[in-house]
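**Q** Quick one: structure below, then a few questions.
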Amino acid sequence: MGFIVAVDGPAGSGKGTVTELVGQKENLVYIDTGAMYRCVTLYMLRNQINIEDMEKVKESLEKIKIELKVEQGKQNVYLNNEDVSSEIRTEKVNKMVSPVSKIPMVREKLTQEQRKMSERQDIIMEGRDIGTVVFPNADVKIYLDATPEERARRRLNQNRQKGMMDETYEQILESVKNRDYIDSHREVAPLKQAEDAIYIDSSNMTVEEVVSKIIQIIQEKKKQ
Ligand code: DC
């Protein structure tokens with residue numbers, strides 16, 4: 001098994017941006033597990049699978065192949081050989097991803113795949129349950145947090161940059177809180193800080209500050 005850095009935290013904590021940058025600087029393969037849950041969700045939506053029907057869910061999982069590929073310095077996500085990097089970020093996927101991530105069978109399949117990815121390479125993996133369930137023995141565990149208000153502000157800014165003006169700050173704040181609630185109250189692998197994870201509150205930190213803090217933690221660990 002390679003060197004493993006686990007980064008967990010709620011949506012909008014800056015995990016994605018920070019984890020990708022740390023990966024590039026420290027030569028660790030970056031893996032976005034949220035993208036994998038989003039792929040499964042997209043498949044269920046496209047094929048109109050009733051997610052209460054476990055037989056159908058099982059059949060679907062057997063047909064789903066997910067690949068994460070770095071192309072021209074950017075991570076792209078492939079669902080059965082089709083690039084779905086943009087489609088997995090749409091509002092319809094945002095709405096369905098938490099219920100799909102609650103299904104134990106879905107979690108089992110993705111957890112297995114995530115463990116396989118660490119077999120022959122050094123990785124930095126981000127998600128909700130990486131330090132608690134997927135890699136309880138990770139070399140470094142980080143829990144990255146920020147207040148719901150700050151996370152909603154960041155989402156609003158991102159949306160504006162993309163020209164998306166339809167949601168107000170209040171609506172975004174509501175959906176951030178709603179997703180936090182579902183993700184941290186589900187029965188299987190809820191979002192929570194591992195006991196031995198290092199807690200970082202990014203509310204008043206720049207991306208560069210968070211990146212250098214995590215790099216410092218990784219380098220300390222490698223010296224031991
Ligand atoms: O990181 P993200 O917002 O793209 O994740 C999308 C959803 O996937 C999130 O609402 C919860 C779920 N998820 C999960 O349950 N476990 C993970 N390891 C990663 C994401």
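Lettering and numbering for the structure tokens are positional, with chains as A, B, ... in the shown order, residues counted from 1 in each chain, and ligands counted from 1 in the shown order.
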Sort by chain and increasing residue number a table of all residues of chain A within 7 Å of ligand 1, each with its closest pair of atoms and their distance in Å to one decimal, counting only C-alpha atoms and all ligand atoms, and write it as a Markdown table.
**A**
| residue | atom | partner | partner_atom_place_in_ligand_line | distance |
| --- | --- | --- | --- | --- |
| A:Ala11 | CA | ligand 1 | 3 (O) | 4.8 |
| A:Thr33 | CA | ligand 1 | 19 (C) | 4.8 |
| A:Gly34 | CA | ligand 1 | 20 (C) | 3.6 |
| A:Ala35 | CA | ligand 1 | 4 (O) | 5.4 |
| A:Tyr37 | CA | ligand 1 | 8 (O) | 5.1 |
| A:Arg38 | CA | ligand 1 | 6 (C) | 6.1 |
| A:Val97 | CA | ligand 1 | 7 (C) | 5.3 |
| A:Ser98 | CA | ligand 1 | 10 (O) | 4.6 |
| A:Ser101 | CA | ligand 1 | 15 (O) | 4.7 |
| A:Lys102 | CA | ligand 1 | 15 (O) | 6.9 |
| A:Glu126 | CA | ligand 1 | 18 (N) | 6.8 |
| A:Gly127 | CA | ligand 1 | 18 (N) | 3.6 |
| A:Arg128 | CA | ligand 1 | 18 (N) | 4.2 |
| A:Asp129 | CA | ligand 1 | 18 (N) | 5.0 |
| A:Ile130 | CA | ligand 1 | 18 (N) | 6.0 |
| A:Arg179 | CA | ligand 1 | 10 (O) | 6.0 |
| A:Asp183 | CA | ligand 1 | 11 (C) | 5.8 |
**Q** Going by DSSP on the backbone, which bits of range 93-130 of chain A are strand (DSSP E or B)? Write them as a list in words, please.
**A** Ile123, Ile124, Met125, Glu126 and Gly127 of chain A
**Q** What lies within 12 Å of Gln224 in chain A using only C-alpha atoms, ignoring chain neighbours under 5 positions off, as an NGL selection string?
**A** :A and (139-140 or 217-219)
**Q** Keeping only N, CA, C and O atoms, write those residues as an mmCIF file, in the first residue's frame.
**A**
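Output file result22.cif is given in full below:
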data_model
loop_
_atom_site.group_PDB
_atom_site.id
_atom_site.type_symbol
_atom_site.label_atom_id
_atom_site.label_comp_id
_atom_site.auth_asym_id
_atom_site.auth_seq_id
_atom_site.Cartn_x
_atom_site.Cartn_y
_atom_site.Cartn_z
ATOM 1 N N ASP A 139 -2.068 7.436 6.561
ATOM 2 C CA ASP A 139 -0.859 8.034 7.163
ATOM 3 C C ASP A 139 -1.155 9.415 7.725
ATOM 4 O O ASP A 139 -0.645 9.803 8.761
ATOM 5 N N VAL A 140 -1.981 10.187 6.999
ATOM 6 C CA VAL A 140 -2.355 11.532 7.460
ATOM 7 C C VAL A 140 -3.867 11.668 7.298
ATOM 8 O O VAL A 140 -4.421 11.269 6.269
ATOM 9 N N ILE A 217 2.011 19.290 7.398
ATOM 10 C CA ILE A 217 1.617 18.098 8.167
ATOM 11 C C ILE A 217 2.130 16.824 7.483
ATOM 12 O O ILE A 217 2.656 15.916 8.126
ATOM 13 N N ILE A 218 2.014 16.781 6.138
ATOM 14 C CA ILE A 218 2.464 15.601 5.389
ATOM 15 C C ILE A 218 3.980 15.438 5.546
ATOM 16 O O ILE A 218 4.488 14.336 5.799
ATOM 17 N N GLN A 219 4.700 16.558 5.418
ATOM 18 C CA GLN A 219 6.159 16.467 5.487
ATOM 19 C C GLN A 219 6.634 16.033 6.873
ATOM 20 O O GLN A 219 7.557 15.236 6.999
#
**Q** To one decimal place, how far is CA of Met164 in chain A from CA of Lys95 in chain A in Å?
**A**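 If I compute the distance from CA of Met164 in chain A to CA of Lys95 in chain A, I get 16.6 Å.
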**Q** For Ser13 in chain A, which of A:Val207, A:Ile103, A:Ile198, A:Leu79 is the closest residue, counting only C-alpha atoms?
**A**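 Of the candidates, the smallest distance to Ser13 in chain A is held by A:Val207.
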**Q** Which residues come within 9 Å of range 105-120 of chain A, counting only C-alpha atoms, excluding same-chain residues fewer than 5 positions away, as a list in words?
**A**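 My reading of the contact set: Met1, Gly2, Phe3, Ile4, Ile31, Thr33, Met36, Tyr37, Val40, Met54, Val57, Lys58, Leu61, Val100, Met125, Ile130, Val133, Val134, Phe135, Val188 and Ala189 of chain A.
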**Q** Please identify every residue of range 101-162 of chain A that has at least one atom no farther than 6 Å from an atom of range 14-29 of chain A, counting only C-alpha atoms, and for each give the shortest atom pair and the distance in Å to one decimal, arranged by chain then increasing number, as a Markdown table.
**A**
| residue | atom | partner | partner_atom | distance |
| --- | --- | --- | --- | --- |
| A:Asp122 | CA | A:Leu28 | CA | 5.2 |
| A:Ile123 | CA | A:Val29 | CA | 4.5 |
| A:Ile124 | CA | A:Leu28 | CA | 5.8 |
**Q** Write a file of the just-selected residues containing N, CA, C and O atoms, as an mmCIF file, in the first residue's frame.
**A**
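Listing of again_17.cif after writing:
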data_model
loop_
_atom_site.group_PDB
_atom_site.id
_atom_site.type_symbol
_atom_site.label_atom_id
_atom_site.label_comp_id
_atom_site.auth_asym_id
_atom_site.auth_seq_id
_atom_site.Cartn_x
_atom_site.Cartn_y
_atom_site.Cartn_z
ATOM 1 N N ASP A 122 0.753 6.402 -4.385
ATOM 2 C CA ASP A 122 0.556 7.283 -3.232
ATOM 3 C C ASP A 122 -0.633 8.176 -3.564
ATOM 4 O O ASP A 122 -0.686 8.760 -4.647
ATOM 5 N N ILE A 123 -1.563 8.313 -2.626
ATOM 6 C CA ILE A 123 -2.791 9.041 -2.961
ATOM 7 C C ILE A 123 -3.177 10.093 -1.914
ATOM 8 O O ILE A 123 -2.809 9.995 -0.748
ATOM 9 N N ILE A 124 -3.954 11.076 -2.385
ATOM 10 C CA ILE A 124 -4.659 11.987 -1.485
ATOM 11 C C ILE A 124 -6.126 11.878 -1.884
ATOM 12 O O ILE A 124 -6.494 12.146 -3.031
#
**Q** Could you find all residues in range 109-219 of chain A that DSSP calls helix (DSSP H, G or I) from the backbone, and write them as a ChimeraX atom specification?
**A** /A:109-116,130-134,148-161,169-185,207-219
**Q** Hey, what's within 9 Å of Val93 in chain A if we count only C-alpha atoms and toss same-chain stuff fewer than 6 positions away? As a ChimeraX atom specification, please?
**A** /A:38-39,41-42,45,87
**Q** Of the candidates A:Glu62, A:Gly12, A:Lys222, A:Lys74, which one gets nearest to Ser175 in chain A if we count only C-alpha atoms?
**A**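 Ranking A:Glu62, A:Gly12, A:Lys222, A:Lys74 by distance to Ser175 in chain A, first place goes to A:Gly12.
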**Q** In terms of the shortest atom-to-atom distance over only C-alpha atoms, which of A:Asp201, A:Asp166, A:Glu91, A:Asp196 is closest to Lys141 in chain A?
**A**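 For Lys141 in chain A, the nearest of the given residues is A:Asp196.
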**Q** With only C-alpha atoms as the counted atoms, please give the residues lying no more than 12 Å from Asn157 in chain A, apart from itself and same-chain residues fewer than 5 positions off, as a PyMOL selection string.
**A** chain A and resi 12+150-152+162-165+167-169+172
